[in-house]
>>> print(open('start37.txt').read())   # compact mmCIF, C-alpha atoms and all ligand atoms
# COMPACT_ATOMS: atom_id res chain seq x y z
CA MET A 1 -50.45 -51.03 -7.05
CA TYR A 2 -49.22 -47.47 -7.49
CA GLN A 3 -50.85 -44.60 -5.75
CA THR A 4 -50.48 -41.70 -8.12
CA ALA A 5 -52.44 -39.26 -6.00
CA ALA A 6 -51.21 -35.90 -7.20
CA SER A 7 -52.26 -34.34 -3.92
CA GLU A 8 -49.77 -36.53 -2.06
CA ILE A 9 -46.96 -35.56 -4.39
CA LEU A 10 -47.95 -31.93 -4.11
CA ASP A 11 -48.04 -32.25 -0.35
CA VAL A 12 -44.46 -33.44 -0.23
CA ILE A 13 -43.30 -30.88 -2.76
CA HIS A 14 -45.14 -28.16 -0.90
CA THR A 15 -43.33 -29.08 2.30
CA TYR A 16 -39.99 -29.08 0.52
CA SER A 17 -40.70 -25.78 -1.16
CA GLN A 18 -41.62 -24.24 2.17
CA SER A 19 -38.25 -25.26 3.54
CA PHE A 20 -36.11 -24.60 0.53
CA GLY A 21 -37.91 -22.03 -1.66
CA PRO A 22 -40.20 -22.16 -4.66
CA MET A 23 -37.55 -23.57 -7.02
CA MET A 24 -39.00 -27.07 -6.57
CA TYR A 25 -42.01 -26.27 -8.71
CA THR A 26 -39.81 -25.77 -11.76
CA TRP A 27 -39.47 -29.54 -12.28
CA LEU A 28 -43.00 -30.51 -11.30
CA GLY A 29 -44.62 -32.23 -14.25
CA THR A 30 -41.38 -32.81 -16.08
CA TYR A 31 -40.45 -36.06 -14.33
CA PRO A 32 -42.61 -39.13 -13.82
CA VAL A 33 -43.06 -39.98 -10.12
CA LEU A 34 -44.44 -43.31 -8.94
CA LEU A 35 -45.80 -43.41 -5.40
CA ILE A 36 -45.56 -46.95 -4.04
CA THR A 37 -47.10 -48.68 -1.04
CA GLU A 38 -46.73 -52.30 -2.25
CA PRO A 39 -44.13 -54.23 -0.20
CA ASP A 40 -43.06 -56.45 -3.12
CA ILE A 41 -42.35 -53.45 -5.31
CA ILE A 42 -40.72 -51.56 -2.46
CA ARG A 43 -38.40 -54.55 -2.01
CA ASP A 44 -37.62 -54.55 -5.75
CA ILE A 45 -36.51 -50.94 -5.51
CA LEU A 46 -34.69 -51.03 -2.18
CA THR A 47 -32.64 -54.07 -3.20
CA SER A 48 -31.87 -53.03 -6.78
CA PRO A 49 -28.27 -51.94 -7.47
CA TYR A 50 -29.79 -49.53 -10.04
CA CYS A 51 -31.93 -47.72 -7.47
CA THR A 52 -29.44 -46.52 -4.87
CA ASN A 53 -29.63 -42.86 -5.92
CA LYS A 54 -32.11 -40.80 -3.95
CA GLY A 55 -33.65 -38.75 -6.74
CA LEU A 56 -34.72 -35.19 -7.22
CA LEU A 57 -36.64 -34.71 -3.99
CA TYR A 58 -33.38 -34.70 -2.05
CA GLU A 59 -31.57 -32.11 -4.19
CA PRO A 60 -32.64 -29.15 -2.02
CA LEU A 61 -31.15 -30.89 1.03
CA ILE A 62 -27.67 -30.64 -0.49
CA LYS A 63 -27.78 -26.88 0.13
CA GLY A 64 -28.27 -27.48 3.84
CA ILE A 65 -26.13 -30.52 4.65
CA GLY A 66 -23.87 -30.92 1.64
CA ARG A 67 -23.12 -34.24 -0.01
CA GLY A 68 -23.07 -36.67 2.87
CA LEU A 69 -24.53 -40.18 2.95
CA ILE A 70 -28.14 -38.99 2.78
CA THR A 71 -27.76 -36.99 -0.42
CA SER A 72 -24.70 -38.41 -2.22
CA LYS A 73 -24.97 -40.37 -5.47
CA GLU A 74 -23.15 -43.30 -7.00
CA PRO A 75 -20.29 -43.96 -7.27
CA GLU A 76 -19.41 -41.77 -4.24
CA TRP A 77 -22.23 -43.08 -2.05
CA SER A 78 -21.20 -46.76 -2.01
CA VAL A 79 -17.55 -45.88 -1.37
CA HIS A 80 -18.45 -43.64 1.57
CA ARG A 81 -21.02 -46.07 2.94
CA LYS A 82 -18.39 -48.83 3.00
CA LEU A 83 -15.91 -46.51 4.72
CA LEU A 84 -18.44 -45.36 7.32
CA ASN A 85 -20.08 -48.71 8.12
CA PRO A 86 -17.37 -49.61 10.69
CA ALA A 87 -18.13 -46.35 12.55
CA PHE A 88 -21.44 -47.98 13.58
CA SER A 89 -20.01 -51.31 14.72
CA PHE A 90 -21.36 -53.12 17.75
CA LYS A 91 -18.25 -52.26 19.80
CA ILE A 92 -18.57 -48.58 19.04
CA LEU A 93 -22.28 -48.44 19.76
CA GLN A 94 -21.69 -50.18 23.08
CA SER A 95 -19.13 -47.54 24.00
CA PHE A 96 -21.87 -44.88 23.60
CA MET A 97 -24.06 -46.42 26.33
CA PRO A 98 -22.71 -44.16 29.13
CA ILE A 99 -23.47 -41.10 26.98
CA PHE A 100 -27.03 -42.28 26.28
CA ASN A 101 -27.51 -42.85 30.02
CA GLN A 102 -25.97 -39.61 31.28
CA GLU A 103 -27.92 -37.42 28.89
CA VAL A 104 -31.32 -38.86 29.94
CA ASN A 105 -30.51 -37.97 33.54
CA ASN A 106 -30.58 -34.30 32.51
CA ILE A 107 -34.11 -34.73 31.14
CA ILE A 108 -35.18 -36.43 34.37
CA THR A 109 -33.88 -33.44 36.34
CA ILE A 110 -35.96 -31.09 34.18
CA LEU A 111 -39.12 -33.20 34.35
CA ASN A 112 -38.75 -33.60 38.11
CA LYS A 113 -39.47 -29.88 38.43
CA ASN A 114 -42.65 -30.02 36.35
CA ASN A 115 -46.09 -31.60 36.55
CA GLU A 116 -46.66 -31.37 32.85
CA CYS A 117 -44.72 -30.87 29.65
CA SER A 118 -46.16 -29.02 26.66
CA ASN A 119 -43.00 -29.15 24.58
CA MET A 120 -41.78 -32.74 24.82
CA THR A 121 -40.58 -32.71 21.20
CA THR A 122 -38.32 -29.72 21.85
CA LEU A 123 -37.02 -31.19 25.08
CA MET A 124 -36.22 -34.48 23.36
CA GLN A 125 -34.58 -32.72 20.44
CA ASP A 126 -32.29 -30.95 22.89
CA HIS A 127 -31.54 -34.33 24.43
CA THR A 128 -30.86 -36.21 21.19
CA LEU A 129 -28.87 -33.32 19.77
CA ASN A 130 -26.66 -33.34 22.86
CA VAL A 131 -26.22 -37.11 22.51
CA ALA A 132 -25.44 -36.77 18.79
CA ILE A 133 -22.94 -33.95 19.38
CA ARG A 134 -21.16 -36.03 22.01
CA THR A 135 -20.98 -39.17 19.85
CA THR A 136 -20.13 -37.25 16.68
CA PHE A 137 -17.73 -34.57 17.91
CA GLY A 138 -16.83 -35.70 21.40
CA LEU A 139 -18.07 -32.35 22.73
CA ASN A 140 -20.18 -32.03 25.83
CA VAL A 141 -22.35 -28.98 25.22
CA THR A 142 -25.32 -29.83 27.40
CA GLY A 143 -27.16 -26.57 28.14
CA ASP A 144 -29.00 -25.73 31.33
CA GLY A 145 -32.37 -26.39 29.62
CA LYS A 146 -34.03 -25.06 32.77
CA ASN A 147 -37.68 -25.57 32.02
CA GLY A 148 -37.62 -27.41 28.80
CA GLN A 149 -37.34 -24.23 26.78
CA ASN A 150 -35.28 -24.82 23.70
CA ASN A 151 -32.49 -22.60 24.88
CA CYS A 152 -29.55 -24.79 24.05
CA LEU A 153 -30.52 -26.10 20.64
CA LYS A 154 -29.17 -23.15 18.68
CA GLN A 155 -26.27 -22.75 21.06
CA ASN A 156 -25.32 -26.37 20.42
CA TYR A 157 -25.23 -25.82 16.70
CA GLN A 158 -23.02 -22.79 17.21
CA CYS A 159 -20.64 -24.74 19.45
CA ARG A 160 -20.46 -27.42 16.83
CA LYS A 161 -19.66 -25.00 14.04
CA LEU A 162 -17.07 -23.15 16.11
CA ASN A 163 -15.31 -26.32 17.05
CA LEU A 164 -15.38 -28.08 13.74
CA ASP A 165 -12.53 -26.06 12.22
CA LYS A 166 -10.33 -26.70 15.24
CA SER A 167 -11.29 -30.34 15.39
CA LEU A 168 -10.43 -30.91 11.77
CA THR A 169 -6.80 -30.02 12.39
CA PRO A 170 -5.19 -33.46 12.41
CA ARG A 171 -4.47 -34.48 15.98
CA GLU A 172 -3.66 -37.59 17.91
CA PRO A 173 -7.01 -39.36 18.23
CA LYS A 174 -7.89 -39.85 21.90
CA ASN A 175 -11.15 -41.66 21.42
CA LEU A 176 -11.35 -43.44 18.10
CA ASN A 177 -15.00 -44.19 18.74
CA ILE A 178 -16.49 -40.77 18.13
CA PHE A 179 -17.43 -40.21 14.52
CA LEU A 180 -15.21 -37.14 14.12
CA ASP A 181 -12.04 -39.05 14.99
CA GLN A 182 -13.00 -41.91 12.72
CA ALA A 183 -13.61 -39.46 9.87
CA ILE A 184 -10.30 -37.71 10.55
CA GLU A 185 -8.56 -41.06 10.34
CA LEU A 186 -10.14 -41.54 6.90
CA MET A 187 -8.94 -38.05 5.95
CA ARG A 188 -5.42 -38.95 7.01
CA LYS A 189 -5.56 -41.99 4.77
CA ASN A 190 -6.66 -39.66 1.94
CA GLU A 191 -10.04 -41.40 1.72
CA PHE A 192 -11.94 -38.19 2.62
CA THR A 193 -11.33 -34.51 1.92
CA VAL A 194 -11.96 -31.90 4.64
CA GLN A 195 -15.22 -30.97 2.88
CA GLN A 196 -16.32 -34.60 2.84
CA VAL A 197 -15.58 -34.98 6.54
CA GLU A 198 -17.68 -31.91 7.24
CA ASP A 199 -20.55 -33.07 5.03
CA GLU A 200 -20.61 -36.60 6.47
CA LEU A 201 -20.57 -35.34 10.06
CA ASN A 202 -23.30 -32.76 9.41
CA THR A 203 -25.34 -35.52 7.82
CA ILE A 204 -24.93 -37.94 10.72
CA LEU A 205 -25.86 -35.22 13.19
CA LEU A 206 -28.94 -34.19 11.26
CA ALA A 207 -30.04 -37.76 10.53
CA ALA A 208 -29.61 -38.80 14.15
CA PHE A 209 -31.25 -36.20 16.30
CA GLU A 210 -34.71 -35.36 14.99
CA THR A 211 -35.64 -38.92 14.04
CA THR A 212 -34.64 -40.27 17.44
CA ALA A 213 -36.24 -37.35 19.32
CA ASN A 214 -39.53 -37.91 17.51
CA THR A 215 -39.43 -41.65 18.15
CA ILE A 216 -38.98 -41.11 21.89
CA THR A 217 -41.58 -38.33 22.06
CA TYR A 218 -44.21 -40.13 20.00
CA THR A 219 -43.77 -43.36 21.96
CA LEU A 220 -44.19 -41.51 25.27
CA MET A 221 -47.22 -39.72 23.86
CA LEU A 222 -48.81 -42.99 22.68
CA LEU A 223 -48.15 -44.62 26.05
CA ALA A 224 -49.75 -41.61 27.73
CA MET A 225 -52.82 -42.13 25.51
CA PHE A 226 -52.89 -45.89 26.16
CA PRO A 227 -52.16 -46.34 29.91
CA GLU A 228 -52.73 -50.11 29.79
CA TYR A 229 -49.69 -50.51 27.52
CA GLN A 230 -47.67 -48.11 29.65
CA GLU A 231 -48.33 -50.32 32.67
CA LYS A 232 -47.16 -53.39 30.77
CA VAL A 233 -43.91 -51.67 29.80
CA TYR A 234 -43.48 -50.48 33.38
CA LYS A 235 -43.96 -54.03 34.70
CA GLU A 236 -41.29 -55.30 32.34
CA LEU A 237 -38.93 -52.51 33.38
CA ARG A 238 -39.53 -53.21 37.09
CA SER A 239 -38.49 -56.80 36.52
CA LEU A 240 -35.25 -55.63 34.87
CA PHE A 241 -34.54 -52.81 37.34
CA PRO A 242 -36.01 -53.83 40.70
CA HIS A 243 -34.31 -50.88 42.41
CA ALA A 244 -35.75 -47.76 40.82
CA GLY A 245 -33.99 -44.42 41.18
CA ASP A 246 -30.59 -43.83 39.70
CA PHE A 247 -29.79 -46.87 37.59
CA GLU A 248 -27.66 -47.46 34.51
CA VAL A 249 -29.19 -49.19 31.47
CA THR A 250 -26.70 -51.64 29.97
CA TYR A 251 -26.63 -52.97 26.44
CA GLU A 252 -27.72 -56.38 27.82
CA ASN A 253 -30.73 -54.73 29.51
CA THR A 254 -31.87 -53.28 26.18
CA GLN A 255 -31.84 -56.78 24.68
CA ASP A 256 -34.14 -57.98 27.47
CA MET A 257 -36.73 -55.25 26.82
CA ILE A 258 -39.04 -57.46 24.76
CA TYR A 259 -42.35 -55.68 25.31
CA MET A 260 -40.64 -52.30 25.05
CA GLY A 261 -39.31 -53.39 21.65
CA MET A 262 -42.85 -54.23 20.53
CA VAL A 263 -44.11 -50.85 21.72
CA ILE A 264 -41.35 -48.95 19.90
CA ASN A 265 -42.01 -50.92 16.70
CA GLU A 266 -45.73 -50.23 16.93
CA SER A 267 -45.05 -46.55 17.55
CA MET A 268 -42.83 -46.43 14.43
CA ARG A 269 -45.51 -48.28 12.48
CA VAL A 270 -48.37 -45.87 13.15
CA LEU A 271 -46.11 -42.80 13.34
CA PRO A 272 -43.07 -43.60 11.16
CA PRO A 273 -40.43 -40.95 11.98
CA VAL A 274 -39.47 -40.86 8.27
CA PRO A 275 -42.82 -41.28 6.46
CA PHE A 276 -41.53 -41.13 2.92
CA VAL A 277 -38.28 -41.91 1.07
CA ALA A 278 -37.43 -41.57 -2.60
CA ARG A 279 -35.25 -43.23 -5.22
CA GLU A 280 -34.39 -42.84 -8.87
CA ASN A 281 -33.38 -45.69 -11.24
CA SER A 282 -30.19 -45.25 -13.22
CA HIS A 283 -31.04 -48.13 -15.60
CA GLU A 284 -34.21 -49.76 -16.89
CA ILE A 285 -35.48 -52.25 -14.29
CA GLU A 286 -38.02 -55.05 -14.34
CA LEU A 287 -40.27 -55.34 -11.28
CA THR A 288 -41.35 -58.70 -9.82
CA ASN A 289 -44.78 -58.21 -11.42
CA GLY A 290 -43.14 -58.05 -14.86
CA ILE A 291 -43.58 -54.31 -15.40
CA VAL A 292 -40.49 -52.71 -16.97
CA ILE A 293 -39.62 -49.23 -15.75
CA PRO A 294 -37.42 -47.05 -17.97
CA ALA A 295 -34.39 -45.29 -16.48
CA GLY A 296 -34.84 -41.95 -14.73
CA VAL A 297 -38.18 -42.54 -12.96
CA GLN A 298 -38.67 -41.02 -9.49
CA PHE A 299 -39.99 -43.50 -6.93
CA GLY A 300 -41.75 -42.27 -3.82
CA LEU A 301 -41.91 -45.02 -1.21
CA ASN A 302 -44.86 -44.11 0.96
CA ILE A 303 -43.98 -45.74 4.28
CA PHE A 304 -46.74 -43.99 6.24
CA THR A 305 -49.50 -45.37 4.02
CA MET A 306 -47.99 -48.86 3.72
CA HIS A 307 -47.68 -49.10 7.52
CA ARG A 308 -51.45 -48.60 7.78
CA ARG A 309 -52.67 -50.78 4.92
CA LYS A 310 -55.59 -52.86 6.16
CA ASP A 311 -54.76 -55.80 3.87
CA LEU A 312 -51.32 -56.02 5.52
CA TRP A 313 -52.15 -55.07 9.11
CA GLY A 314 -55.79 -56.05 9.55
CA ALA A 315 -59.00 -54.09 9.99
CA ASN A 316 -57.55 -52.15 12.95
CA ALA A 317 -54.48 -51.02 11.05
CA ASP A 318 -54.96 -47.41 12.15
CA ILE A 319 -55.06 -48.29 15.85
CA PHE A 320 -52.01 -48.37 18.14
CA ASP A 321 -51.65 -51.96 19.35
CA PRO A 322 -48.20 -53.36 20.31
CA ASP A 323 -49.58 -56.90 19.89
CA ASN A 324 -49.07 -56.37 16.16
CA PHE A 325 -45.46 -57.29 16.97
CA LEU A 326 -46.13 -60.46 18.92
CA PRO A 327 -44.09 -63.23 17.25
CA SER A 328 -47.33 -65.02 16.37
CA ASN A 329 -48.48 -61.91 14.48
CA THR A 330 -45.20 -61.08 12.74
CA GLU A 331 -44.88 -64.61 11.38
CA GLY A 332 -45.89 -64.67 7.75
CA ARG A 333 -46.01 -60.88 7.42
CA HIS A 334 -44.23 -59.48 4.37
CA PRO A 335 -40.65 -58.57 5.41
CA TYR A 336 -40.99 -55.18 3.70
CA ALA A 337 -44.39 -54.31 5.24
CA PHE A 338 -42.64 -52.61 8.18
CA ILE A 339 -39.66 -50.46 7.21
CA PRO A 340 -39.16 -47.49 9.60
CA PHE A 341 -35.42 -47.54 8.78
CA THR A 342 -36.08 -48.91 5.28
CA LYS A 343 -34.18 -52.04 4.25
CA GLY A 344 -31.91 -53.11 1.46
CA MET A 345 -28.79 -51.44 0.18
CA ARG A 346 -29.31 -47.90 1.43
CA ASN A 347 -31.10 -48.42 4.73
CA CYS A 348 -30.48 -46.26 7.81
CA ILE A 349 -26.86 -46.68 8.87
CA GLY A 350 -27.77 -45.58 12.42
CA TRP A 351 -30.74 -47.85 13.10
CA LYS A 352 -29.11 -49.76 15.95
CA TYR A 353 -27.81 -46.54 17.48
CA GLY A 354 -31.31 -45.02 17.20
CA LEU A 355 -33.00 -48.00 18.84
CA LEU A 356 -30.43 -48.23 21.64
CA SER A 357 -30.65 -44.58 22.57
CA THR A 358 -34.48 -44.71 22.34
CA LYS A 359 -34.64 -47.71 24.67
CA VAL A 360 -32.31 -46.12 27.22
CA ALA A 361 -34.32 -42.90 27.22
CA LEU A 362 -37.70 -44.59 27.47
CA ALA A 363 -36.58 -47.04 30.17
CA LYS A 364 -35.27 -44.28 32.41
CA LEU A 365 -38.20 -41.94 31.83
CA LEU A 366 -40.87 -44.60 32.31
CA MET A 367 -39.22 -45.92 35.47
CA ASN A 368 -39.24 -42.42 36.95
CA PHE A 369 -42.55 -41.03 35.69
CA LYS A 370 -46.07 -41.98 34.74
CA PHE A 371 -47.27 -40.04 31.69
CA SER A 372 -50.88 -39.23 30.85
CA THR A 373 -52.75 -36.90 28.54
CA ASP A 374 -56.26 -35.70 27.73
CA PHE A 375 -55.38 -35.62 24.04
CA LYS A 376 -57.07 -38.38 22.06
CA TYR A 377 -55.23 -40.61 19.60
CA VAL A 378 -57.95 -40.08 16.97
CA ASP A 379 -57.35 -36.31 17.10
CA LEU A 380 -53.70 -36.56 15.99
CA GLN A 381 -52.99 -34.79 12.72
CA PHE A 382 -49.76 -34.92 10.77
CA TYR A 383 -47.61 -33.11 8.32
CA ASN A 384 -45.91 -35.48 5.89
CA SER A 385 -42.51 -33.83 5.82
CA ILE A 386 -39.00 -35.32 5.66
CA VAL A 387 -39.69 -36.33 9.24
CA LEU A 388 -43.23 -36.90 10.48
CA GLU A 389 -44.49 -33.84 12.31
CA LEU A 390 -47.59 -33.41 14.41
CA LYS A 391 -49.84 -30.41 13.81
CA GLN A 392 -50.34 -30.21 17.56
CA THR A 393 -48.11 -31.85 20.18
CA PRO A 394 -50.22 -33.12 23.11
CA VAL A 395 -49.48 -31.79 26.58
CA LEU A 396 -48.21 -34.67 28.73
CA LYS A 397 -49.02 -34.78 32.45
CA ILE A 398 -46.19 -36.12 34.58
CA GLU A 399 -46.51 -38.00 37.84
CA ARG A 400 -43.46 -39.25 39.73
CA ARG A 401 -43.33 -43.01 40.24
C1 LIG B 1 -35.32 -43.88 15.33
C2 LIG B 1 -34.40 -43.20 14.71
C3 LIG B 1 -34.15 -43.23 13.22
C4 LIG B 1 -35.01 -43.48 12.18
C5 LIG B 1 -36.47 -43.84 12.24
C6 LIG B 1 -34.22 -43.38 10.97
C7 LIG B 1 -34.72 -43.60 9.69
C8 LIG B 1 -33.98 -43.45 8.54
C9 LIG B 1 -34.49 -43.62 7.22
C10 LIG B 1 -35.91 -44.02 6.86
C11 LIG B 1 -33.47 -43.37 6.36
C12 LIG B 1 -33.58 -43.35 4.83
C13 LIG B 1 -33.24 -44.66 4.26
C14 LIG B 1 -33.53 -44.71 2.77
O1 LIG B 1 -33.53 -43.71 2.08
O2 LIG B 1 -33.78 -45.83 2.30
C15 LIG B 1 -32.31 -43.07 7.13
C16 LIG B 1 -31.07 -42.80 6.59
C17 LIG B 1 -29.96 -42.47 7.34
N1 LIG B 1 -29.89 -42.43 8.70
FE1 LIG B 1 -31.36 -42.87 9.99
N2 LIG B 1 -32.94 -43.06 11.30
C18 LIG B 1 -32.85 -42.97 12.66
C19 LIG B 1 -31.72 -42.71 13.40
C20 LIG B 1 -30.48 -42.46 12.88
C21 LIG B 1 -29.30 -42.24 13.67
C22 LIG B 1 -29.26 -42.30 15.19
C23 LIG B 1 -28.27 -42.00 12.80
C24 LIG B 1 -26.82 -41.71 13.08
C25 LIG B 1 -26.25 -41.75 14.27
C26 LIG B 1 -28.82 -42.08 11.46
C27 LIG B 1 -28.11 -41.88 10.31
C28 LIG B 1 -28.62 -42.04 9.04
C29 LIG B 1 -27.83 -41.82 7.83
C30 LIG B 1 -26.38 -41.35 7.77
C31 LIG B 1 -28.68 -42.12 6.77
C32 LIG B 1 -28.31 -42.11 5.28
C33 LIG B 1 -27.85 -43.54 4.93
C34 LIG B 1 -27.43 -43.72 3.49
O3 LIG B 1 -28.07 -43.17 2.59
O4 LIG B 1 -26.45 -44.47 3.27
N3 LIG B 1 -30.16 -42.38 11.56
N4 LIG B 1 -32.64 -43.13 8.46
>>> encode(input="start37.txt", output="C-alpha cells", more="lines below")
Ligand code: HEM
Amino acid sequence: MYQTAASEILDVIHTYSQSFGPMMYTWLGTYPVLLITEPDIIRDILTSPYCTNKGLLYEPLIKGIGRGLITSKEPEWSVHRKLLNPAFSFKILQSFMPIFNQEVNNIITILNKNNECSNMTTLMQDHTLNVAIRTTFGLNVTGDGKNGQNNCLKQNYQCRKLNLDKSLTPREPKNLNIFLDQAIELMRKNEFTVQQVEDELNTILLAAFETTANTITYTLMLLAMFPEYQEKVYKELRSLFPHAGDFEVTYENTQDMIYMGMVINESMRVLPPVPFVARENSHEIELTNGIVIPAGVQFGLNIFTMHRRKDLWGANADIFDPDNFLPSNTEGRHPYAFIPFTKGMRNCIGWKYGLLSTKVALAKLLMNFKFSTDFKYVDLQFYNSIVLELKQTPVLKIERR
C-alpha cells in the first residue's frame, strides 16, 4: 500500500533543498513520511478534516510566497478559503474569457514568425503570467516577446511589485472581478490585513501561471508526438469554428470541446503538472483499511505514480491515449485515481480557471498551427519538483494551417 522508497523522498527533498537551501536536511529522519499511491487512502486523507494542513515540505515555500492559501494552516486556511471561494465563481471566470482570448493572440503573432519553437515552456509561461497578472491585478503588462525569448517574464514581476503598493491604497473598485479588487474589498471589511492581501495575491499568481503553462505546453508536445490525436482534436475544433482565422472562443465553446477535454485529461494523467502533494494529520486518524495513524505524520501523495499504476489504468498505463477518458472507460474507475487538481477539502481553487484558459489557448493554437516533433515520447525524462519539469523540452515544428 505505501511506497516508502527513500530515494523518492530524497528526490523531493533534494529538489526543495536546491531551491531553498540545505536547511531541509535538518529534519530528514526526524519525522515519519508515508508515500501513498493508493486511491482509497488518498481519499481518506484528502477528505479528512484532520488532514488539511500541508506539512513540513511546504515550509520553505513560506519564505517565497508568504502565508497564502497554498501554505497557510488551520484555522487561518479554512477562513481564507471560504472568503476567497467566491473570487472563483462561474460569473467571474466567464468575465475572464476576453483576457484568455486576447493573450493567446499574442502567442499566435510570435509563432507566425517562426517555423519551430525550442522554448515553448518559456513562451507559455510568459503567456500565462500575463493572463494571471491581468486577472489578479488588472494590469496589462504584455511584453513584446519578439521571438519567444523570455524577455518579459522578469519585467512582469517587477511591474507587479511596483504596482502592488499603489494598488493596495483603498480605491473605488472599478472591476470587482479581478482578484486584487476582491481582496481589497475583504481588507475594507477587516477580513484581511495588507500583508494577507499581498500573500494571497502572490500565491494565486504563482499557483496559476506555471501549472497552466506546463499543461498547455505538455499537451501541445504530446499532440505533436501523436499526430493522429492532433488530427482528431483539429476535426472537433473545425466543427466548432468553421471559419478559421481570428475567432473568439466562448465559454459555451469550451463546454463543447469533448475530445479536447479527453486529451487534456490524458495529458494531465501521464504528465501531472503537480506530481506530488503533501499533508500532515493534526489528530490520530483511522484509514479505511483499519490502520490507525498517530498525529503528526507527513503524507506524501504521489500523484505521478498513481496516475500510471497498471492495476488502475491497464497494461498500457505509461502510454498517452486519450481514450482512457472515454465515458465507457471512466465508468467504474476509482474517483480518486485521477487527481491532477487533487480533490476533497483542499483541492485546487483555480481548477476551472486553469481548464478554461488551457482550452482557449489550445483551441486557438491548434486551429492556426499544426505541431510536430522528432522527439519521441519514450525519451521524455522528468524532474519530480513542485511542478513537473522535463529534463529536455522537445523542439516543436510549426506549420500554418
Ligand atoms: C492546469 C492548471 C493547474 C493545476 C494542474 C493545478 C493543480 C493544483 C494542485 C495539485 C494543488 C494542490 C492541492 C492540494 O494540495 O491538495 C493546487 C492548489 C492551488 N491552486 Fe492550482 N492548479 C492549476 C491552476 C491554478 C490556477 C489557474 C489558479 C489560480 C488562478 C490556482 C490556484 C491554486 C491555489 C490558490 C491553490 C491552493 C489551494 C488551497 O490550499 O486552498 N491553480 N493546484
>>> residues_near_ligand(input="start37.txt", ligand="ligand LIG 1 (chain B)", cutoff="7 Å", atoms="all atoms listed in the file", output="PDB file with C-alpha atoms, in the frame of the given file")
ATOM      1  CA  LEU A  46     -34.690 -51.030  -2.180  1.00  0.00           C
ATOM      2  CA  LYS A  54     -32.110 -40.800  -3.950  1.00  0.00           C
ATOM      3  CA  LEU A  69     -24.530 -40.180   2.950  1.00  0.00           C
ATOM      4  CA  ILE A  70     -28.140 -38.990   2.780  1.00  0.00           C
ATOM      5  CA  THR A  71     -27.760 -36.990  -0.420  1.00  0.00           C
ATOM      6  CA  TRP A  77     -22.230 -43.080  -2.050  1.00  0.00           C
ATOM      7  CA  ARG A  81     -21.020 -46.070   2.940  1.00  0.00           C
ATOM      8  CA  ALA A 132     -25.440 -36.770  18.790  1.00  0.00           C
ATOM      9  CA  THR A 203     -25.340 -35.520   7.820  1.00  0.00           C
ATOM     10  CA  ILE A 204     -24.930 -37.940  10.720  1.00  0.00           C
ATOM     11  CA  LEU A 205     -25.860 -35.220  13.190  1.00  0.00           C
ATOM     12  CA  ALA A 207     -30.040 -37.760  10.530  1.00  0.00           C
ATOM     13  CA  ALA A 208     -29.610 -38.800  14.150  1.00  0.00           C
ATOM     14  CA  PHE A 209     -31.250 -36.200  16.300  1.00  0.00           C
ATOM     15  CA  THR A 211     -35.640 -38.920  14.040  1.00  0.00           C
ATOM     16  CA  THR A 212     -34.640 -40.270  17.440  1.00  0.00           C
ATOM     17  CA  THR A 215     -39.430 -41.650  18.150  1.00  0.00           C
ATOM     18  CA  PRO A 272     -43.070 -43.600  11.160  1.00  0.00           C
ATOM     19  CA  PRO A 273     -40.430 -40.950  11.980  1.00  0.00           C
ATOM     20  CA  VAL A 274     -39.470 -40.860   8.270  1.00  0.00           C
ATOM     21  CA  VAL A 277     -38.280 -41.910   1.070  1.00  0.00           C
ATOM     22  CA  ALA A 278     -37.430 -41.570  -2.600  1.00  0.00           C
ATOM     23  CA  PRO A 340     -39.160 -47.490   9.600  1.00  0.00           C
ATOM     24  CA  PHE A 341     -35.420 -47.540   8.780  1.00  0.00           C
ATOM     25  CA  THR A 342     -36.080 -48.910   5.280  1.00  0.00           C
ATOM     26  CA  LYS A 343     -34.180 -52.040   4.250  1.00  0.00           C
ATOM     27  CA  ARG A 346     -29.310 -47.900   1.430  1.00  0.00           C
ATOM     28  CA  ASN A 347     -31.100 -48.420   4.730  1.00  0.00           C
ATOM     29  CA  CYS A 348     -30.480 -46.260   7.810  1.00  0.00           C
ATOM     30  CA  ILE A 349     -26.860 -46.680   8.870  1.00  0.00           C
ATOM     31  CA  GLY A 350     -27.770 -45.580  12.420  1.00  0.00           C
ATOM     32  CA  TRP A 351     -30.740 -47.850  13.100  1.00  0.00           C
ATOM     33  CA  TYR A 353     -27.810 -46.540  17.480  1.00  0.00           C
ATOM     34  CA  GLY A 354     -31.310 -45.020  17.200  1.00  0.00           C
ATOM     35  CA  LEU A 355     -33.000 -48.000  18.840  1.00  0.00           C
TER      36      LEU A 355
END
>>> closest_atom_pairs(input="start37.txt", of="segment 264-380 of chain A", to="segment 249-252 of chain A", cutoff="8 Å", atoms="all atoms listed in the file", output="tab-separated table")
residue	atom	partner	partner_atom	distance
A:Leu356	CA	A:Tyr251	CA	7.7
A:Val360	CA	A:Val249	CA	6.1
A:Ala363	CA	A:Val249	CA	7.8
A:Lys364	CA	A:Val249	CA	7.9
>>> atom_distance(input="start37.txt", atom1="atom CA of Ile258 of chain A", atom2="atom CA of Leu362 of chain A")
13.2 Å
>>> atom_distance(input="start37.txt", atom1="atom CA of Thr121 of chain A", atom2="atom CA of Ile99 of chain A")
19.9 Å
>>> residues_around(input="start37.txt", residues="Ile92 of chain A", least_positions_apart="4", cutoff="12 Å", atoms="only C-alpha atoms", output="ChimeraX atom specification")
/A:85-88,96-99,135-136,175-179,182,251,350,352-353
>>> atom_distance(input="start37.txt", atom1="atom CA of Glu38 of chain A", atom2="atom CA of Phe299 of chain A")
12.0 Å
>>> residues_around(input="start37.txt", residues="segment 267-269 of chain A", least_positions_apart="6", cutoff="9 Å", atoms="all atoms listed in the file", output="ChimeraX atom specification")
/A:215,218-219,222,303-304,307-308,320-322,338-340
>>> residues_near_point(input="start37.txt", point="(-55.2, -40.1, 19.1)", cutoff="9 Å", atoms="all atoms listed in the file", output="VMD selection string")
chain A and resid 222 225 319 to 320 375 to 381
>>> residues_around(input="start37.txt", residues="Ile291 of chain A", least_positions_apart="2", cutoff="12 Å", atoms="all atoms listed in the file", output="list in words")
Met1, Tyr2, Ile41, Asp44, Glu284, Ile285, Glu286, Leu287, Thr288, Asn289, Ile293 and Pro294 of chain A
>>> closest_residue(input="start37.txt", among="A:Asn324, A:Gln196, A:Thr358, A:Thr52", to="Ile65 of chain A", atoms="only C-alpha atoms")
A:Gln196
>>> closest_residue(input="start37.txt", among="A:Asn202, A:Asn119, A:Asn329, A:Thr305", to="Phe137 of chain A", atoms="all atoms listed in the file")
A:Asn202
